[in-house]
Structures are given as structure tokens and as C-alpha cells.
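Asks: Below are the C-alpha cells for one structure; questions will follow.
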Amino acid sequence: MNSFPIVVIGAGPAGLSAAIEAAKAGAKVLVIDENLKPGGQLFKQIHKFFGSRVHKAGVRGMDIGRQLLEETKNLGIEVWLDTEVCGIDQTKNIWAIRNKDTSVNIRAEKVIVASGATENAVRFPGWTLPGVMGAGAAQTMINTNHVLPGKKILMVGSGNVGVIVSYQLLQAGAEVVGIIEAAPQLGGYGVHTAKVRRAGVPFYTAHTIKRAMGDHCVAGAEIVGLDAGWNPIPGTEKVLKIDTICLATGLTPLTELAWIAGCEFTYIPELGGHVPIHDLHMESTVKGIYIAGDISGVEEASTAMEEGRLAGISAAADLGCYTAEEKRKRTLEIWDHLNALRCGQFGQKRRDAKDRILAVGKEMISWAVHV
Amino acid sequence: MGSPCLKTVGAPSLEELRNSPAFPKSEDFMRGPIAVIECIEEIPCNPCETSCRKGAIVIGDPITNLPRIDFEKCIGCGICVAACPGLAIYIKDYTYSDEEARISFPYEYLPLPQKGDVVQLIGRTGEMVCSGTVIGMQNSRQNDRTTIVTVAYPKNFFDEVISMKRIKNKS
């Protein structure tokens with residue numbers, strides 16, 4: 001039986017940040033990830049990040065990924081890749097499959113679940129044709145594997161993922177024929193929409209996709225206008241000649257492991273659906289199991305890293321690596337960083353949603369020490 | 001959100017920009033090269049402020065404040081242009097010459113133009129405005145792979161131009 005004081009599940013921005021903070025405090029940490037490479041989605045984020053200096057603003061996501069891996073290595077953190085966690089019980093025994101062929105058990109004192117999120121699909125006639133894919137999948141193809149998924153793209157969804165991936169598809173040499181948005185207003189940051197707009201990409205607000213055309217693969221798409229009640233308006237159909245449809249229609253937290261571990265959940269639609277209830281220290285309703293990043297509500301890498309730090313500090317402190325005072329001080333400092341990212345016309349909604357989770361957490365997590 | 005053009009067309013209109021705190025007034029453009037920030041939404045971001053060595057750009061606290069510029073302090077050096085993750089800043093100089101103005105904008109496409117090339121200049125919705133001549137390229141380590149292209153172009157298109165049409169790959 002393998003035994004580690006802290007096991008972090010997921011080597012993305014949240015998991016690596018958690019592991020780094022815990023290891024800095026002197027805790028022995030194991031990081032597990034099912035992928036062949038660590039970094040989660042960071043290495044396909046070739047754009048410069050927003051935020052302030054403490055959030056590494058202005059640094060490209062892929063370079064933040066490199067910095068995190070460097071720190072992980074320097075701190076001697078053990079990382080098991082190609083290792084899929086299949087279960088966690090309430091005594092924090094972890095069952096995983098290594099290299100797709102060996103079953104292992106790991107005994108952990110503290111577990112940090114940073115499993116991320118998965119892309120949502122929308123269904124329409126033809127949605128199973130080759131050429132329909134998640135926007136995140138297209139981003140992985142171009143930026144990680146250097147393969148262009150198609151030459152003429154229709155992007156469905158104008159949130160930040162939709163517009164950032166559209167810009168990167170342009171950089172990779174594709175033509176983005178249009179970006180459709182079901183809402184009457186565009187979702188993403190104006191600076192992102194402005195970048196693709198000045199590259200000549202048209203936006204279609206109050207439009208949805210009616211069907212994908214083509215016999216064996218995508219050869220076109222029919223889009224249609226929507227009225228104020230989100231109903232298709234007959235006669236507004238338009239056919240776009242495209243070969244790829246990218247879906248940027250939101251993400252859902254990957255919460256299976258938290259369910260299995262017995263964590264209590266709450267439903268927060270603004271953050272992607274069912275999320276584990278947690279306190280200010282990112283501890284779930286199961287003592288010793290913490291969550292961080294998209295599993296606790298879909299946001300972005302900058303907030304995921306801060307939440308990871310919170311979880312790492314909290315787990316290390318609960319093992320005795322930090323005094324209560326040190327834990328309190330660091331926790332407050334990180335909450336300042338988080339609150340800075342969760343304000344303004346885009347962030348306030350997420351902050352309100354997060355506050356709702358914390359409010360439930362306060363009720364349900366009896367041992368929670370409120371800072 | 002109060003910005004009809006930005007939130008439907010995708011790009012801000014000149015009117016929306018003129019209502020934002022950082023956008024220069026016509027007299028500011030008479031000073032020489034200055035930074036033009038097209039950032040009219042409250043997003044959590046401040047590298048323009050922290051990159052400016054003259055202390056000309058202020059966001060303050062909270063970091064979702066819209067940027068403001070003191071054109072007494074701005075010298076149009078261009079450090080903020082590559083620092084802005086939104087590619088929302090360029091430098092414009094109305095005083096470049098009698099006939100021509102100058103713009104330095106961020107450009108993240110390949111292939112890059114060459115000094116001396118005549119390029120098509122575009123407006124905020126990608127519309128072709130006029131042609132101009134590339135007079136400088138800057139891609140220092142500090143730019144972190146965001147090239148800044150400087151183009152001279154006819155003054156009568158001063159307000160409309162914000163970037164150049166991408167060069168088609170020859171292959």
C-alpha cells in the first residue's frame with residue numbers, strides 16, 4: 001500500500017498550485033493525473049492572461065504551465081501521470097489504475113480533488129458528424145498537436161472560450177466564417193470580440209444552429225435567428241459553407257470523484273451545475289477532502305490557481321505544517337487575490353454564486369473555522 | 001452592459017470609445033505619439049498600469065476600474081501595447097508629418113510584414129480603410145512574441161485605422 005500525507009488529483013493549474021503550496025509548507029505530496037503530460041489545459045493557452053501581477057497577468061498560459069512544472073520539480077513533488085483515479089472512499093483510500101494496466105491503492109491523510117471540467121455539447125441534427133467538436137478540443141488540436149481541425153469554422157458560443165479559440169484558429173491559419181450566439185448580446189470580453197471582429201469575423205447574435213449538413217462529415221451549417229423568447233424565427237435560416245463546427249457552449253465540473261467520496265453538493269447553474277459544497281479553505285463536507293479549480297465551479301485558470309493555493313495551504317496546515325495564525329494570514333491574502341478577479345461586470349456574478357456555496361458551507365461544515 | 005455596438009457587432013464604435021475615460025480627445029492627439037486604449041468594459045486586468053514607466057496609466061483599486069491616461073505623462077513609448085493581454089492598445093501620432101499619421105499596433109499573425117511593405121489598413125470591424133507603409137517592426141524579448149508594427153498612413157483616415165489586414169501566406 002502506498003501512503004502519502006497529501007494526494008492531489010489533477011495536475012492542472014489548481015492541482016499543481018495546491019501541491020506547490022503544500023510542499024512549500026513541508027508536506028510530502030503526490031500528484032496524480034490521468035493524462036500523459038501534466039499542466040491540464042494550461043499548455044494550450046497560448047494567449048497572455050488577464051489579472052494583475054499576483055495573478056501572473058500578461059504571461060502566456062503555456063509559460064505559467066512551465067513555471068508551475070519547474071516549481072513542482074524543484075520542490076521534489078512526486079507526479080504520477082497516466083494514472084486514472086477510479087474511486088475514493090470516506091477514509092481517503094484511493095483506488096487508481098496506473099499505465100492502464102496496474103491497479104494501485106493509495107492511503108492519503110488529505111485529498112485535494114482538482115479534476116477540472118468537461119465541455120458541454122449542444123444537440124442538433126447532424127451533431128454526431130465528424131467535424132463537430134468542442135472548442136477546447138479544437139484548441140488542443142491546433143496548439144498542442146499542431147493540427148488544423150478544418151479550414152472553414154463555425155464557432156457556436158461567444159463567451160471567452162469561443163472568442164479566444166476563434167482568434168487562435170485564425171492564428172493557426174483557419175478561416176472563422178462566423179460566431180453565433182443565442183443571447184441577444186455577446187458573452188466574452190469586448191477586447192476579445194474586438195480582436196476577431198477586426199480580423200473580419202462576423203458575429204450573429206440571437207442565432208442558433210439548426211442543423212449540420214453533410215453526408216459523411218460536416219459540409220455546411222444552417223443557422224437561424226431567435227426571437228426574444230429564444231424561439232427560432234421561420235424564414236431567417238441561413239446556410240454557411242463551413243467544414244468544422246466548434247461548440248463553445250459552456251463547461252460542467254467533473255465531480256464524479258467528489259460524489260463517490262461522499263461530498264455533499266449544491267446546484268449553482270452560473271458555475272456549471274452541481275458543485276461540492278466547500279468552506280473558505282476549500283474543504284468539502286468530508287473532513288480532509290478539499291476541492292479546487294473548475295470542480296468547485298467553472299471559472300478560469302487564474303482563479304483555479306488561487307483556489308489551489310487555498311486548498312494546499314489548508315491541507316498542509318491541517319497536517320500541522322502551518323500554525324493556525326499562518327494559515328489564517330495566507331488564506332486572507334489569497335482571498336484578496338480571488339476577490340480582485342471576481343468583481344466588475346463579469347466577475348460579480350461569479351462572486352455572488354461563490355458566496356452562495358460558502359453560505360451553504362457555513363451551515364453544513366461544522367468544523368469550519370471562519371477567517 | 002450599456003455598449004450596444006461592442007456587445008452586438010463585437011467591436012466598439014467611435015462613440016462608445018469617446019465616452020470611455022481613457023480615449024484621447026482631439027487636442028490630446030496634437031501632442032505627438034500617445035497611447036490609445038480601447039478598453040471600455042470593467043474586466044479584472046491591469047498590466048497597462050504596471051507596465052507604464054511614466055505612471056501615465058492608472059487603474060487603481062479595484063483592478064476592474066477602467067484605465068485612465070494622463071497625456072501630460074504619456075510619451076507614446078509603446079510598452080503598454082505589448083503588455084495588454086487584450087491587444088486593445090496602440091500608439092497613434094497625428095503629428096508624424098504634414099501628410100501622414102503614424103500608428104503602432106500589436107500583431108500576432110504570421111507571416112510578419114517587412115519594413116517598407118505597403119499594407120492594407122483596417123478599421124474596427126475589419127473593413128478596409130486605406131493603405132500604408134510599414135516603417136518599423138519591434139519584437140523585443142519584453143514583447144513576449146507580440147510584434148509591434150508601425151505604419152505611416154494618410155492623415156484623413158486618422159480615426160478609422162486601428163490595424164492591418166493580415167498578409168496571406170504565400171504557400
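Residue numbering restarts at 1 in every chain; chains get A, B, ... in the order shown in the C-alpha cells, and ligands count up from 1 in that same order.
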Distance limit 6 Å, atoms considered: only C-alpha atoms. Which chain B residues sit that close to chain A? Return them as a ChimeraX atom specification.
Replies: /B:7-8,10-11,42,44-46,64,83,85-86,109,124-126
Asks: Quick one: everything within 12 Å of A:Asp318, counting only C-alpha atoms, minus sequence neighbours fewer than 2 positions away in the same chain. Send it as a VMD selection string.
Replies: chain A and resid 5 to 6 22 25 27 109 to 111 281 283 287 to 290 311 to 316 320 to 324 326 to 328 367 to 369
Asks: Pull the helix (DSSP H, G or I) assignments for stretch 125-371 of chain A out of DSSP run on the backbone, and list those residues as a ChimeraX atom specification.
Replies: /A:135-144,160-172,190-198,256-260,269-271,293-296,301-318,324-341,344-364
Asks: If I take atom CA of B:Ser104 and atom CA of A:Val176, how far is one from the other in Å, to one decimal?
Replies: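 Answer for the atom CA of B:Ser104 to atom CA of A:Val176 separation: 25.6 Å.
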Asks: Tell me, as a list in words, which residues lie within 6 Å of stretch 115-121 of chain B, counting only C-alpha atoms; anything in the same chain fewer than 5 positions away does not count.
Replies: Val129, Cys130, Ser131, Gly132, Thr133, Val134, Ile135, Gly136, Ser163, Met164 and Lys165 of chain B
Asks: So that I have them on file, write out the residues from the current selection with all heavy atoms, as a compact mmCIF listing (two decimals), in the first residue's frame.
Replies:
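Output (out.txt):
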```txt
# COMPACT_ATOMS: atom_id res chain seq x y z
N VAL B 129 -9.64 50.35 -44.97
CA VAL B 129 -9.73 51.80 -44.87
C VAL B 129 -8.82 52.49 -45.89
O VAL B 129 -9.24 53.34 -46.65
CB VAL B 129 -9.42 52.29 -43.44
CG1 VAL B 129 -9.45 53.81 -43.37
CG2 VAL B 129 -10.40 51.69 -42.43
N CYS B 130 -7.54 52.11 -45.89
CA CYS B 130 -6.59 52.73 -46.81
C CYS B 130 -5.32 51.89 -46.80
O CYS B 130 -5.27 50.88 -46.11
CB CYS B 130 -6.27 54.17 -46.37
SG CYS B 130 -5.48 54.26 -44.74
N SER B 131 -4.32 52.28 -47.56
CA SER B 131 -3.06 51.55 -47.46
C SER B 131 -2.03 52.43 -46.74
O SER B 131 -2.21 53.64 -46.60
CB SER B 131 -2.56 51.12 -48.83
OG SER B 131 -2.48 52.23 -49.67
N GLY B 132 -0.99 51.79 -46.24
CA GLY B 132 0.05 52.50 -45.51
C GLY B 132 1.37 51.78 -45.70
O GLY B 132 1.41 50.66 -46.24
N THR B 133 2.45 52.41 -45.26
CA THR B 133 3.77 51.83 -45.44
C THR B 133 4.37 51.45 -44.07
O THR B 133 4.38 52.27 -43.15
CB THR B 133 4.71 52.86 -46.11
OG1 THR B 133 4.05 53.34 -47.27
CG2 THR B 133 6.04 52.23 -46.50
N VAL B 134 4.84 50.22 -43.99
CA VAL B 134 5.46 49.76 -42.74
C VAL B 134 6.79 50.48 -42.56
O VAL B 134 7.67 50.40 -43.43
CB VAL B 134 5.67 48.23 -42.76
CG1 VAL B 134 6.37 47.76 -41.49
CG2 VAL B 134 4.34 47.50 -42.94
N ILE B 135 6.91 51.20 -41.46
CA ILE B 135 8.15 51.96 -41.23
C ILE B 135 8.92 51.42 -40.03
O ILE B 135 10.02 51.88 -39.74
CB ILE B 135 7.88 53.48 -41.05
CG1 ILE B 135 6.85 53.72 -39.93
CG2 ILE B 135 7.41 54.10 -42.36
CD1 ILE B 135 6.68 55.18 -39.58
N GLY B 136 8.36 50.43 -39.34
CA GLY B 136 9.11 49.88 -38.21
C GLY B 136 8.48 48.60 -37.71
O GLY B 136 7.27 48.38 -37.87
N SER B 163 -5.55 48.76 -37.31
CA SER B 163 -4.66 47.62 -37.50
C SER B 163 -4.45 47.40 -38.99
O SER B 163 -4.85 48.24 -39.80
CB SER B 163 -5.27 46.36 -36.85
OG SER B 163 -4.32 45.32 -36.81
N MET B 164 -3.83 46.28 -39.36
CA MET B 164 -3.64 45.99 -40.78
C MET B 164 -4.29 44.67 -41.15
O MET B 164 -4.50 43.80 -40.30
CB MET B 164 -2.15 45.94 -41.12
CG MET B 164 -1.39 44.83 -40.41
SD MET B 164 0.33 44.73 -40.92
CE MET B 164 0.20 43.48 -42.19
N LYS B 165 -4.63 44.55 -42.40
CA LYS B 165 -5.18 43.29 -42.89
C LYS B 165 -4.06 42.25 -42.88
O LYS B 165 -2.92 42.55 -43.24
CB LYS B 165 -5.72 43.46 -44.31
CG LYS B 165 -6.53 42.26 -44.76
CD LYS B 165 -7.23 42.54 -46.08
CE LYS B 165 -7.71 41.27 -46.75
NZ LYS B 165 -8.61 40.47 -45.93
```
Asks: I'd like the contact shell of B:Gly123 - 6 Å cut-off, only C-alpha atoms, skipping same-chain residues fewer than 3 positions apart - returned as a list in words.
Replies: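 Non-adjacent residues within range: Gly126, Glu127, Glu160, Val161 and Ile162 of chain B.
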Asks: Can you write out the residues you just picked, keeping all heavy atoms, as a PDB file, in the first residue's frame?
Replies:
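Saved the output as selection-v6.pdb:
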```pdb
ATOM      1  N   GLY B 126     -12.987  45.303 -39.287  1.00  0.00           N
ATOM      2  CA  GLY B 126     -12.224  44.592 -40.301  1.00  0.00           C
ATOM      3  C   GLY B 126     -12.344  45.202 -41.683  1.00  0.00           C
ATOM      4  O   GLY B 126     -11.813  44.675 -42.661  1.00  0.00           O
ATOM      5  N   GLU B 127     -13.060  46.340 -41.783  1.00  0.00           N
ATOM      6  CA  GLU B 127     -13.252  46.963 -43.099  1.00  0.00           C
ATOM      7  C   GLU B 127     -11.953  47.610 -43.569  1.00  0.00           C
ATOM      8  O   GLU B 127     -11.198  48.154 -42.773  1.00  0.00           O
ATOM      9  CB  GLU B 127     -14.402  47.988 -43.034  1.00  0.00           C
ATOM     10  CG  GLU B 127     -14.073  49.360 -42.434  1.00  0.00           C
ATOM     11  CD  GLU B 127     -14.043  49.391 -40.902  1.00  0.00           C
ATOM     12  OE1 GLU B 127     -14.045  48.319 -40.273  1.00  0.00           O
ATOM     13  OE2 GLU B 127     -13.972  50.503 -40.346  1.00  0.00           O
ATOM     14  N   GLU B 160     -10.101  56.125 -38.138  1.00  0.00           N
ATOM     15  CA  GLU B 160     -10.671  54.827 -38.510  1.00  0.00           C
ATOM     16  C   GLU B 160      -9.677  53.682 -38.378  1.00  0.00           C
ATOM     17  O   GLU B 160     -10.041  52.575 -37.991  1.00  0.00           O
ATOM     18  CB  GLU B 160     -11.193  54.866 -39.954  1.00  0.00           C
ATOM     19  CG  GLU B 160     -12.469  55.683 -40.134  1.00  0.00           C
ATOM     20  CD  GLU B 160     -12.216  57.177 -40.187  1.00  0.00           C
ATOM     21  OE1 GLU B 160     -11.035  57.579 -40.298  1.00  0.00           O
ATOM     22  OE2 GLU B 160     -13.194  57.955 -40.091  1.00  0.00           O
ATOM     23  N   VAL B 161      -8.418  53.952 -38.742  1.00  0.00           N
ATOM     24  CA  VAL B 161      -7.437  52.865 -38.811  1.00  0.00           C
ATOM     25  C   VAL B 161      -7.065  52.377 -37.418  1.00  0.00           C
ATOM     26  O   VAL B 161      -6.795  53.178 -36.517  1.00  0.00           O
ATOM     27  CB  VAL B 161      -6.173  53.358 -39.557  1.00  0.00           C
ATOM     28  CG1 VAL B 161      -4.996  52.390 -39.347  1.00  0.00           C
ATOM     29  CG2 VAL B 161      -6.469  53.526 -41.038  1.00  0.00           C
ATOM     30  N   ILE B 162      -7.083  51.032 -37.214  1.00  0.00           N
ATOM     31  CA  ILE B 162      -6.565  50.516 -35.944  1.00  0.00           C
ATOM     32  C   ILE B 162      -5.597  49.343 -36.121  1.00  0.00           C
ATOM     33  O   ILE B 162      -4.908  48.962 -35.187  1.00  0.00           O
ATOM     34  CB  ILE B 162      -7.686  50.089 -34.965  1.00  0.00           C
ATOM     35  CG1 ILE B 162      -8.516  48.943 -35.537  1.00  0.00           C
ATOM     36  CG2 ILE B 162      -8.573  51.259 -34.553  1.00  0.00           C
ATOM     37  CD1 ILE B 162      -9.191  48.153 -34.423  1.00  0.00           C
TER      38      ILE B 162
END
```
Asks: Nearest to B:Glu72: which of B:Ala101, B:Met30, B:Cys48, B:Val151 is it, counting only C-alpha atoms?
Replies: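 Residue with the minimum atom-to-atom distance to B:Glu72: B:Met30.
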Asks: May I have the residues within 8 Å of B:Phe71 as JSON, numbers by chain, using only C-alpha atoms and disregarding those fewer than 5 positions away in the same chain?
Replies: {"B": [28, 34, 56]}
Asks: What does the structure give for the distance between atom CA of B:Arg166 and atom CA of B:Ala82, in Å to one decimal?
Replies: 18.0 Å
